[in-house]
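Student: Take a look at work_30.cif, mmCIF, C-alpha atoms (C1' of nucleotides) and all ligand atoms:
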```cif
data_start
loop_
_atom_site.label_atom_id
_atom_site.label_comp_id
_atom_site.auth_asym_id
_atom_site.auth_seq_id
_atom_site.Cartn_x
_atom_site.Cartn_y
_atom_site.Cartn_z
CA MET G 838 150.99 29.62 -28.83
CA THR G 839 148.71 29.10 -25.86
CA ALA G 840 150.51 28.04 -22.72
CA GLN G 841 150.28 24.40 -21.82
CA LYS G 842 147.81 24.03 -18.95
CA ASP G 843 148.73 21.87 -16.01
CA MET G 844 146.86 20.36 -13.11
CA PRO G 845 147.68 21.90 -9.74
CA ASP G 846 149.77 18.84 -8.92
CA GLY G 847 151.97 19.63 -11.91
CA ARG G 848 150.95 16.94 -14.32
CA ALA G 849 149.79 17.99 -17.77
CA LEU G 850 146.19 17.70 -18.77
CA THR G 851 145.26 14.59 -20.70
CA LYS G 852 143.83 14.82 -24.19
CA ASN G 853 140.20 14.70 -23.09
CA GLU G 854 140.79 17.02 -20.16
CA THR G 855 142.36 19.53 -22.52
CA LEU G 856 139.49 19.34 -24.98
CA VAL G 857 136.85 19.73 -22.29
CA PHE G 858 138.68 22.52 -20.51
CA SER G 859 139.22 24.41 -23.76
CA ALA G 860 135.53 24.17 -24.54
CA LEU G 861 134.71 25.64 -21.14
CA GLU G 862 137.25 28.42 -21.53
CA ALA G 863 135.92 29.34 -24.96
CA ALA G 864 132.33 29.56 -23.77
CA ASP G 865 130.89 32.76 -22.37
CA GLN G 866 128.32 30.81 -20.40
CA PRO G 867 128.19 27.65 -18.33
CA LEU G 868 127.98 24.49 -20.42
CA SER G 869 126.18 21.27 -19.67
CA ALA G 870 128.12 18.07 -20.16
CA TYR G 871 126.16 17.41 -23.33
CA ALA G 872 126.82 20.91 -24.65
CA ILE G 873 130.50 20.25 -24.08
CA LEU G 874 130.18 16.96 -25.90
CA ASP G 875 128.72 18.76 -28.91
CA ARG G 876 131.78 21.00 -28.98
CA VAL G 877 134.38 18.22 -28.77
CA ARG G 878 132.75 15.52 -30.86
CA ASP G 879 134.72 16.50 -33.92
CA ARG G 880 137.93 16.14 -31.93
CA GLY G 881 137.23 12.48 -31.24
CA VAL G 882 135.16 12.45 -28.07
CA ARG G 883 132.14 10.30 -28.73
CA ALA G 884 130.32 9.58 -25.49
CA PRO G 885 128.99 11.48 -22.45
CA VAL G 886 130.97 9.35 -20.06
CA GLN G 887 134.23 10.60 -21.50
CA VAL G 888 133.17 14.17 -20.86
CA TYR G 889 132.01 13.37 -17.34
CA ARG G 890 135.28 11.65 -16.51
CA ALA G 891 137.28 14.65 -17.65
CA LEU G 892 134.96 16.99 -15.78
CA ASP G 893 135.30 14.95 -12.59
CA ARG G 894 139.03 15.47 -12.64
CA LEU G 895 138.89 19.12 -13.64
CA VAL G 896 136.40 19.89 -10.89
CA ALA G 897 138.33 17.87 -8.31
CA SER G 898 141.44 19.86 -9.16
CA GLY G 899 139.70 23.22 -9.06
CA LEU G 900 140.32 24.04 -12.72
CA ALA G 901 136.59 23.93 -13.35
CA HIS G 902 133.50 24.30 -11.21
CA ARG G 903 130.10 22.71 -11.25
CA LEU G 904 127.10 24.97 -10.86
CA GLU G 905 124.65 22.86 -8.91
CA SER G 906 121.66 25.01 -9.65
CA LEU G 907 122.21 24.69 -13.41
CA ASN G 908 123.69 21.22 -13.74
CA ALA G 909 126.39 22.91 -15.75
CA PHE G 910 130.09 23.68 -15.64
CA VAL G 911 132.42 26.65 -15.96
CA ALA G 912 136.17 27.09 -16.21
CA CYS G 913 137.61 28.55 -13.04
CA ALA G 914 137.97 32.31 -13.35
CA HIS G 915 140.99 32.44 -11.07
CA PRO G 916 144.54 31.17 -11.45
CA HIS G 917 143.33 28.21 -9.52
CA CYS G 918 140.82 27.46 -6.82
CA ASP G 919 141.03 24.39 -4.72
CA ALA G 920 138.10 22.03 -4.87
CA ARG G 921 136.61 22.96 -1.52
CA GLY G 922 133.96 25.16 -2.99
CA GLN G 923 135.14 28.33 -1.29
CA THR G 924 133.97 30.40 -4.19
CA ALA G 925 130.53 31.73 -4.86
CA PHE G 926 128.77 32.41 -8.13
CA ALA G 927 126.42 35.08 -9.37
CA ILE G 928 124.41 33.80 -12.31
CA CYS G 929 122.49 36.13 -14.60
CA GLU G 930 119.05 34.79 -15.41
CA ARG G 931 118.86 36.83 -18.57
CA CYS G 932 122.22 36.60 -20.34
CA GLY G 933 123.65 33.56 -18.58
CA LYS G 934 126.85 35.26 -17.54
CA VAL G 935 128.47 33.84 -14.41
CA THR G 936 130.66 35.82 -12.06
CA GLU G 937 132.85 33.85 -9.71
CA PHE G 938 133.79 35.54 -6.47
CA ALA G 939 135.45 34.73 -3.18
CA ASP G 940 134.31 36.42 -0.02
CA PRO G 941 136.33 35.52 3.06
CA ALA G 942 133.74 37.13 5.34
CA LEU G 943 131.11 34.85 3.86
CA ASP G 944 133.30 31.83 4.47
CA GLY G 945 133.85 33.11 7.99
CA HIS G 946 130.15 33.27 8.66
CA LEU G 947 129.55 29.80 7.31
CA ALA G 948 132.46 28.47 9.34
CA ALA G 949 131.10 30.16 12.45
CA TRP G 950 127.67 28.65 11.92
CA ALA G 951 129.19 25.22 11.33
CA ASP G 952 131.26 25.52 14.46
CA LYS G 953 128.27 26.46 16.57
CA ALA G 954 126.19 23.64 15.11
CA ASP G 955 129.03 21.14 15.46
CA PHE G 956 128.85 20.50 11.72
CA ASP G 957 132.03 19.46 9.92
CA ALA G 958 131.73 21.21 6.55
CA HIS G 959 133.66 19.66 3.66
CA SER G 960 132.39 21.85 0.87
CA THR G 961 129.98 24.69 0.31
CA THR G 962 127.75 25.72 -2.55
CA VAL G 963 126.80 29.39 -2.86
CA GLU G 964 124.95 30.49 -5.97
CA LEU G 965 123.04 33.71 -6.52
CA HIS G 966 120.47 34.05 -9.27
CA GLY G 967 119.41 37.40 -10.57
CA LEU G 968 120.29 40.07 -13.07
CA CYS G 969 123.81 41.15 -13.86
CA SER G 970 124.78 44.76 -14.05
CA ASP G 971 124.44 44.89 -17.85
CA CYS G 972 121.03 43.26 -17.87
CA ARG G 973 119.65 45.45 -15.07
CA ALA G 974 120.39 48.49 -17.16
CA THR G 975 118.28 47.54 -20.15
CA MET H 407 93.47 15.24 13.76
CA THR H 408 96.29 16.90 11.93
CA ALA H 409 95.71 20.55 11.21
CA GLN H 410 94.71 21.40 7.67
CA LYS H 411 97.72 22.92 5.94
CA ASP H 412 97.30 26.07 3.93
CA MET H 413 99.36 27.96 1.43
CA PRO H 414 100.74 31.27 2.68
CA ASP H 415 98.08 33.08 0.63
CA GLY H 416 95.39 31.31 2.63
CA ARG H 417 94.12 28.80 0.13
CA ALA H 418 94.06 25.15 1.09
CA LEU H 419 96.46 22.70 -0.49
CA THR H 420 95.10 20.73 -3.41
CA LYS H 421 94.91 16.97 -3.30
CA ASN H 422 98.26 16.40 -5.00
CA GLU H 423 99.97 19.17 -3.07
CA THR H 424 98.77 17.57 0.16
CA LEU H 425 100.00 14.13 -0.83
CA VAL H 426 103.41 15.40 -1.88
CA PHE H 427 103.83 17.64 1.13
CA SER H 428 102.84 14.85 3.51
CA ALA H 429 105.41 12.56 1.93
CA LEU H 430 108.09 15.20 2.46
CA GLU H 431 107.03 15.80 6.05
CA ALA H 432 107.07 12.10 6.83
CA ALA H 433 110.56 11.60 5.44
CA ASP H 434 113.63 12.09 7.58
CA GLN H 435 115.71 12.86 4.52
CA PRO H 436 115.36 14.82 1.31
CA LEU H 437 113.36 13.00 -1.34
CA SER H 438 113.78 13.08 -5.09
CA ALA H 439 110.66 13.64 -7.16
CA TYR H 440 110.69 9.97 -8.11
CA ALA H 441 111.07 8.88 -4.49
CA ILE H 442 108.03 11.02 -3.70
CA LEU H 443 106.18 9.41 -6.58
CA ASP H 444 106.87 5.97 -5.10
CA ARG H 445 105.29 7.12 -1.85
CA VAL H 446 102.11 8.57 -3.36
CA ARG H 447 101.44 6.14 -6.17
CA ASP H 448 98.98 4.18 -4.08
CA ARG H 449 97.05 7.36 -3.42
CA GLY H 450 96.39 7.89 -7.10
CA VAL H 451 99.35 9.87 -8.39
CA ARG H 452 100.63 8.10 -11.47
CA ALA H 453 103.16 10.25 -13.27
CA PRO H 454 106.26 12.30 -12.50
CA VAL H 455 104.74 15.43 -13.97
CA GLN H 456 102.03 15.46 -11.32
CA VAL H 457 104.66 15.40 -8.61
CA TYR H 458 106.73 18.11 -10.28
CA ARG H 459 103.70 20.35 -10.64
CA ALA H 460 102.84 20.03 -6.95
CA LEU H 461 106.49 20.59 -6.03
CA ASP H 462 106.67 23.71 -8.18
CA ARG H 463 103.84 25.26 -6.23
CA LEU H 464 105.07 24.10 -2.82
CA VAL H 465 108.54 25.46 -3.50
CA ALA H 466 107.19 28.73 -4.91
CA SER H 467 105.15 29.21 -1.77
CA GLY H 468 108.01 28.35 0.58
CA LEU H 469 106.35 25.28 2.08
CA ALA H 470 109.06 23.11 0.59
CA HIS H 471 112.59 23.68 -0.61
CA ARG H 472 114.65 22.27 -3.41
CA LEU H 473 118.20 21.20 -2.61
CA GLU H 474 120.08 21.99 -5.78
CA SER H 475 123.11 19.94 -4.92
CA LEU H 476 121.00 16.82 -4.45
CA ASN H 477 118.20 17.32 -6.97
CA ALA H 478 115.89 16.60 -4.06
CA PHE H 479 113.27 18.27 -1.91
CA VAL H 480 112.49 18.83 1.76
CA ALA H 481 109.54 20.21 3.69
CA CYS H 482 110.31 23.59 5.14
CA ALA H 483 111.45 23.27 8.73
CA HIS H 484 110.01 26.63 9.73
CA PRO H 485 106.44 27.87 10.08
CA HIS H 486 106.98 29.25 6.66
CA CYS H 487 109.77 30.63 4.58
CA ASP H 488 109.16 32.75 1.58
CA ALA H 489 110.47 31.46 -1.72
CA ARG H 490 113.43 33.78 -1.99
CA GLY H 491 115.91 31.23 -0.82
CA GLN H 492 116.98 33.13 2.26
CA THR H 493 117.63 29.92 4.10
CA ALA H 494 120.71 27.77 4.03
CA PHE H 495 121.09 24.03 4.40
CA ALA H 496 123.63 21.78 6.06
CA ILE H 497 123.51 18.33 4.52
CA CYS H 498 125.11 15.34 6.20
CA GLU H 499 127.00 13.18 3.73
CA ARG H 500 126.73 10.16 5.97
CA CYS H 501 123.19 10.02 7.35
CA GLY H 502 121.47 12.36 4.92
CA LYS H 503 120.00 14.59 7.59
CA VAL H 504 119.38 18.17 6.49
CA THR H 505 119.39 21.15 8.81
CA GLU H 506 117.75 24.30 7.56
CA PHE H 507 119.01 27.54 9.01
CA ALA H 508 118.65 31.24 8.49
CA ASP H 509 121.57 33.53 9.10
CA PRO H 510 120.80 37.22 8.63
CA ALA H 511 124.49 38.10 8.71
CA LEU H 512 125.04 35.73 5.81
CA ASP H 513 122.23 37.34 3.87
CA GLY H 514 123.75 40.68 4.72
CA HIS H 515 127.09 39.70 3.28
CA LEU H 516 125.55 38.40 0.10
CA ALA H 517 123.44 41.51 -0.23
CA ALA H 518 126.52 43.67 0.29
CA TRP H 519 128.42 41.79 -2.38
CA ALA H 520 125.49 42.05 -4.78
CA ASP H 521 125.20 45.76 -4.12
CA LYS H 522 128.87 46.33 -4.80
CA ALA H 523 128.76 44.26 -7.99
CA ASP H 524 125.53 45.89 -9.13
CA PHE H 525 123.90 42.48 -9.23
CA ASP H 526 120.17 42.24 -8.60
CA ALA H 527 119.80 38.99 -6.68
CA HIS H 528 116.44 37.27 -6.85
CA SER H 529 117.28 34.11 -5.00
CA THR H 530 120.22 32.48 -3.33
CA THR H 531 121.32 28.91 -2.86
CA VAL H 532 123.53 28.08 0.10
CA GLU H 533 124.24 24.42 0.82
CA LEU H 534 126.93 22.96 3.05
CA HIS H 535 128.04 19.37 2.73
CA GLY H 536 129.81 17.60 5.55
CA LEU H 537 129.18 15.58 8.67
CA CYS H 538 126.48 16.34 11.18
CA SER H 539 127.14 16.43 14.85
CA ASP H 540 125.94 12.85 15.39
CA CYS H 541 127.99 11.44 12.55
CA ARG H 542 131.17 13.25 13.58
CA ALA H 543 131.03 11.56 16.93
CA THR H 544 131.11 8.01 15.68
"C1'" DT P 236 158.70 -9.09 -17.92
"C1'" DG P 237 154.71 -8.92 -15.63
"C1'" DA P 238 151.66 -6.70 -12.28
"C1'" DA P 239 149.42 -2.34 -10.97
"C1'" DT P 240 147.54 2.00 -12.21
"C1'" DT P 241 145.36 5.27 -14.99
"C1'" DG P 242 143.06 6.92 -18.95
"C1'" DC P 243 140.35 5.78 -23.00
"C1'" DG P 244 136.45 3.85 -25.87
"C1'" DT P 245 131.97 1.45 -26.43
"C1'" DT P 246 127.46 0.00 -25.22
"C1'" DA P 247 123.76 0.10 -22.46
"C1'" DT P 248 120.99 1.86 -18.86
"C1'" DG P 249 119.42 4.67 -15.00
"C1'" DA P 250 117.74 9.07 -13.05
"C1'" DT P 251 115.85 13.61 -13.44
"C1'" DA P 252 112.64 16.82 -15.78
"C1'" DT P 253 109.45 18.73 -19.26
"C1'" DA P 254 106.32 19.16 -23.63
"C1'" DA P 255 101.96 18.73 -25.53
"C1'" DC P 256 97.53 17.60 -25.32
"C1'" DG P 257 92.90 17.05 -23.48
"C1'" DT P 258 89.50 16.75 -19.34
"C1'" DA P 259 87.43 18.27 -14.90
"C1'" DT P 260 86.08 21.68 -11.74
"C1'" DG P 261 84.97 25.91 -9.57
"C1'" DG P 262 84.20 30.80 -9.88
"C1'" DT P 263 82.15 34.95 -12.31
"C1'" DA P 264 79.70 37.87 -15.83
"C1'" DC P 265 75.80 38.24 -18.05
"C1'" DG U 945 71.38 29.06 -16.11
"C1'" DT U 946 75.02 29.24 -19.37
"C1'" DA U 947 79.02 31.02 -21.44
"C1'" DC U 948 83.37 31.97 -20.18
"C1'" DC U 949 87.76 31.80 -17.75
"C1'" DA U 950 91.35 30.14 -14.82
"C1'" DT U 951 93.41 26.44 -12.43
"C1'" DA U 952 94.30 21.76 -11.37
"C1'" DC U 953 94.50 17.16 -13.02
"C1'" DG U 954 95.61 13.01 -16.01
"C1'" DT U 955 98.01 10.65 -19.89
"C1'" DT U 956 101.54 9.86 -23.14
"C1'" DA U 957 105.68 10.75 -24.97
"C1'" DT U 958 110.10 12.72 -24.94
"C1'" DA U 959 114.10 15.51 -23.50
"C1'" DT U 960 118.03 16.06 -20.54
"C1'" DC U 961 121.46 14.68 -17.15
"C1'" DA U 962 124.47 10.93 -15.31
"C1'" DT U 963 126.50 6.31 -14.44
"C1'" DA U 964 127.42 1.01 -14.81
"C1'" DA U 965 130.04 -2.47 -16.80
"C1'" DC U 966 133.16 -4.09 -19.76
"C1'" DG U 967 137.66 -4.47 -22.29
"C1'" DC U 968 141.88 -2.24 -24.41
"C1'" DA U 969 146.13 0.80 -24.39
"C1'" DA U 970 149.86 3.22 -22.30
"C1'" DT U 971 152.84 4.05 -18.33
"C1'" DT U 972 155.18 2.97 -14.17
"C1'" DC U 973 157.83 0.34 -11.41
"C1'" DA U 974 159.27 -3.87 -9.03
ZN ZN N 1001 137.54 29.05 -9.27
ZN ZN N 1002 123.02 39.48 -17.71
ZN ZN N 1003 112.12 26.96 5.04
ZN ZN N 1004 124.86 12.61 9.89
#
```
Have the structure of the file written as structure tokens, please.
Ligand SMILES: [Zn+2]
Ligand SMILES: [Zn+2]
Ligand SMILES: [Zn+2]
Ligand SMILES: [Zn+2]
Tutor:
Amino acid sequence: MTAQKDMPDGRALTKNETLVFSALEAADQPLSAYAILDRVRDRGVRAPVQVYRALDRLVASGLAHRLESLNAFVACAHPHCDARGQTAFAICERCGKVTEFADPALDGHLAAWADKADFDAHSTTVELHGLCSDCRAT
Amino acid sequence: MTAQKDMPDGRALTKNETLVFSALEAADQPLSAYAILDRVRDRGVRAPVQVYRALDRLVASGLAHRLESLNAFVACAHPHCDARGQTAFAICERCGKVTEFADPALDGHLAAWADKADFDAHSTTVELHGLCSDCRAT
DNA sequence: TGAATTGCGTTATGATATAACGTATGGTAC
DNA sequence: GTACCATACGTTATATCATAACGCAATTCA
């Protein structure tokens, strides 16, 4: 009995949102929209646009994140993030594993720069590419 | 008489590299590869792949940068960056203007996180979206 | 009940990026 | 000089990522 997942505003996930989110949760790597589609086709989702619509809502709610440098998506690793992009990602170039992390000091630095430059930041993208701990070792 | 541009290793830009780089320099916004193609077609560049090949080399050398969150490219705003992605970008959602900045403290924080997580970072992407100083005012 | 809202399904298309192949050119070994 | 190599270029085709435009179904609420 998996717990019923809800959006942060309390409403339950729709059918397509549930299918897409489950696919992301089950994956050990980021998935492209089309890779998600492959995994939910047999549950009745036929077209890319249905996946993208579900992803739009999941990302907006913070239940999933888009990795801009991969054009791919991951389930949020935390109870829930908001959608402001305050989390950063470390992406392994070898095994594909993604580590999501929040670093308040980092946010502080970005906020300080924005303040000094009179830039009103709405969202931030921080993505590191490299080798994860496991892959460095080998 | 514009100065002849060179790669950081000293060699001169090739014909296609020059055309693509000039298009980026002339633009006041990031350009997609296809937008670049539109601007160099009349100089003999016919196909997307020619633009992508020139971009690959310009980005690898640090003369241009790829904005992951836009799938677009800009000329480097500095004398020259290396290709390690140590610069960050503030992107205005209203006017499209991009400000490239380097913040050693930011790099320091990312390096510290990577060290702690035993992650070997090869490159970093940092992109802020929001409103530039001019666009906030209006 | 009937209008508004939201999600779904279908078809078609647009936008971004690369594969696979051959040709041209300039440098270097002999 | 010529055989060889490495690098850039050109052409065609194709792969991958994302959205437009339309109508239908279910829910909410006046
Ligand atoms: Zn998250
Ligand atoms: Zn790894
Ligand atoms: Zn730069
Ligand atoms: Zn602006």
Student: Could you write out as a ChimeraX atom specification the residues of chain U within 10 Å of chain G, counting all atoms listed in the file?
Tutor: /U:960-963
Student: Starting from chain G, keep only residues with some atom at most 9 Å from an atom of chain P, counting all atoms listed in the file, and report them as number ranges by chain.
Tutor: G: 851, 853, 882-884, 887
Student: Residues of chain H no more than 8 Å from chain G, counting all atoms listed in the file: send them over as JSON, numbers by chain.
Tutor: {"H": [474, 475, 496, 511, 512, 515, 516, 523, 524, 525, 526, 527, 528, 529, 530, 531, 532, 533, 534, 535, 536, 537, 538, 539, 542]}
Student: Could you list, with a cut-off of 6 Å and counting all atoms listed in the file, the residues of chain G near ligand ZN 1001 (chain N), each shown with its nearest atom pair and the distance in Å rounded to one decimal, rows sorted by chain and ascending number, as a Markdown table?
Tutor:
```
| residue | atom | partner | partner_atom | distance |
| --- | --- | --- | --- | --- |
| G:Cys913 | CA | N:ZN1001 | ZN | 3.8 |
| G:Ala914 | CA | N:ZN1001 | ZN | 5.2 |
| G:His915 | CA | N:ZN1001 | ZN | 5.2 |
| G:His917 | CA | N:ZN1001 | ZN | 5.9 |
| G:Cys918 | CA | N:ZN1001 | ZN | 4.4 |
```
Student: Which residues, written as a PyMOL selection string, have at least one atom at most 10 Å from G:Gly881, with all atoms listed in the file counted and residues fewer than 3 positions away on the same chain left out?
Tutor: chain G and resi 852-853+856+874+877-878+884
Student: Show which residues sit within 12 Å of H:Leu469, as a ChimeraX atom specification. Count only C-alpha atoms (C1' of nucleotides), and ignore same-chain residues fewer than 5 positions away.
Tutor: /H:411-415,419,423-424,426-428,430-431,460-464,479-491
Student: Where's the centre, and what are the edge lengths in Å to one decimal, of a box along x, y and z enclosing all listed atoms of stretch 909-915 of chain G padded 6 Å per side, as AutoDock Vina command-line options?
Tutor:
```
--center_x 133.7 --center_y 27.7 --center_z -13.6 --size_x 26.6 --size_y 21.5 --size_z 17.1
```
Student: Figure out the distance between atom CA of H:Pro436 and atom CA of H:Val504, please, to one decimal in Å.
Tutor: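 Rounded to one decimal, the two atoms are 7.4 Å apart.
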Student: Kindly output stretch 435-455 of chain H as a compact mmCIF listing (two decimals), in the coordinates of the input, after building N, CA and C atoms.
Tutor:
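File written: result.txt
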```txt
# COMPACT_ATOMS: atom_id res chain seq x y z
N GLN H 435 114.65 12.48 5.44
CA GLN H 435 115.71 12.86 4.52
C GLN H 435 115.08 13.57 3.32
N PRO H 436 115.88 14.26 2.55
CA PRO H 436 115.36 14.82 1.31
C PRO H 436 114.90 13.70 0.39
N LEU H 437 113.88 13.98 -0.40
CA LEU H 437 113.36 13.00 -1.34
C LEU H 437 113.45 13.55 -2.76
N SER H 438 113.85 12.70 -3.68
CA SER H 438 113.78 13.08 -5.09
C SER H 438 112.32 13.02 -5.53
N ALA H 439 112.03 13.65 -6.65
CA ALA H 439 110.66 13.64 -7.16
C ALA H 439 110.18 12.21 -7.39
N TYR H 440 111.09 11.36 -7.84
CA TYR H 440 110.69 9.97 -8.11
C TYR H 440 110.50 9.18 -6.83
N ALA H 441 111.27 9.52 -5.80
CA ALA H 441 111.07 8.88 -4.49
C ALA H 441 109.72 9.30 -3.92
N ILE H 442 109.35 10.57 -4.13
CA ILE H 442 108.03 11.02 -3.70
C ILE H 442 106.96 10.24 -4.46
N LEU H 443 107.16 10.13 -5.76
CA LEU H 443 106.18 9.41 -6.58
C LEU H 443 105.94 7.99 -6.04
N ASP H 444 107.02 7.32 -5.67
CA ASP H 444 106.87 5.97 -5.10
C ASP H 444 105.95 5.97 -3.88
N ARG H 445 106.04 7.06 -3.11
CA ARG H 445 105.29 7.12 -1.85
C ARG H 445 103.85 7.57 -2.03
N VAL H 446 103.49 8.08 -3.18
CA VAL H 446 102.11 8.57 -3.36
C VAL H 446 101.38 7.84 -4.48
N ARG H 447 102.05 6.88 -5.06
CA ARG H 447 101.44 6.14 -6.17
C ARG H 447 100.15 5.46 -5.74
N ASP H 448 100.17 4.91 -4.53
CA ASP H 448 98.98 4.18 -4.08
C ASP H 448 97.87 5.12 -3.63
N ARG H 449 98.12 6.41 -3.71
CA ARG H 449 97.05 7.36 -3.42
C ARG H 449 96.55 7.98 -4.72
N GLY H 450 96.98 7.46 -5.83
CA GLY H 450 96.39 7.89 -7.10
C GLY H 450 97.25 8.77 -7.98
N VAL H 451 98.47 9.05 -7.55
CA VAL H 451 99.35 9.87 -8.39
C VAL H 451 100.17 8.93 -9.26
N ARG H 452 100.06 9.10 -10.58
CA ARG H 452 100.63 8.10 -11.47
C ARG H 452 101.91 8.53 -12.16
N ALA H 453 102.09 9.82 -12.37
CA ALA H 453 103.16 10.25 -13.27
C ALA H 453 104.03 11.32 -12.64
N PRO H 454 105.31 11.31 -13.03
CA PRO H 454 106.26 12.30 -12.50
C PRO H 454 105.75 13.73 -12.62
N VAL H 455 105.12 14.04 -13.74
CA VAL H 455 104.74 15.43 -13.97
C VAL H 455 103.77 15.92 -12.90
```
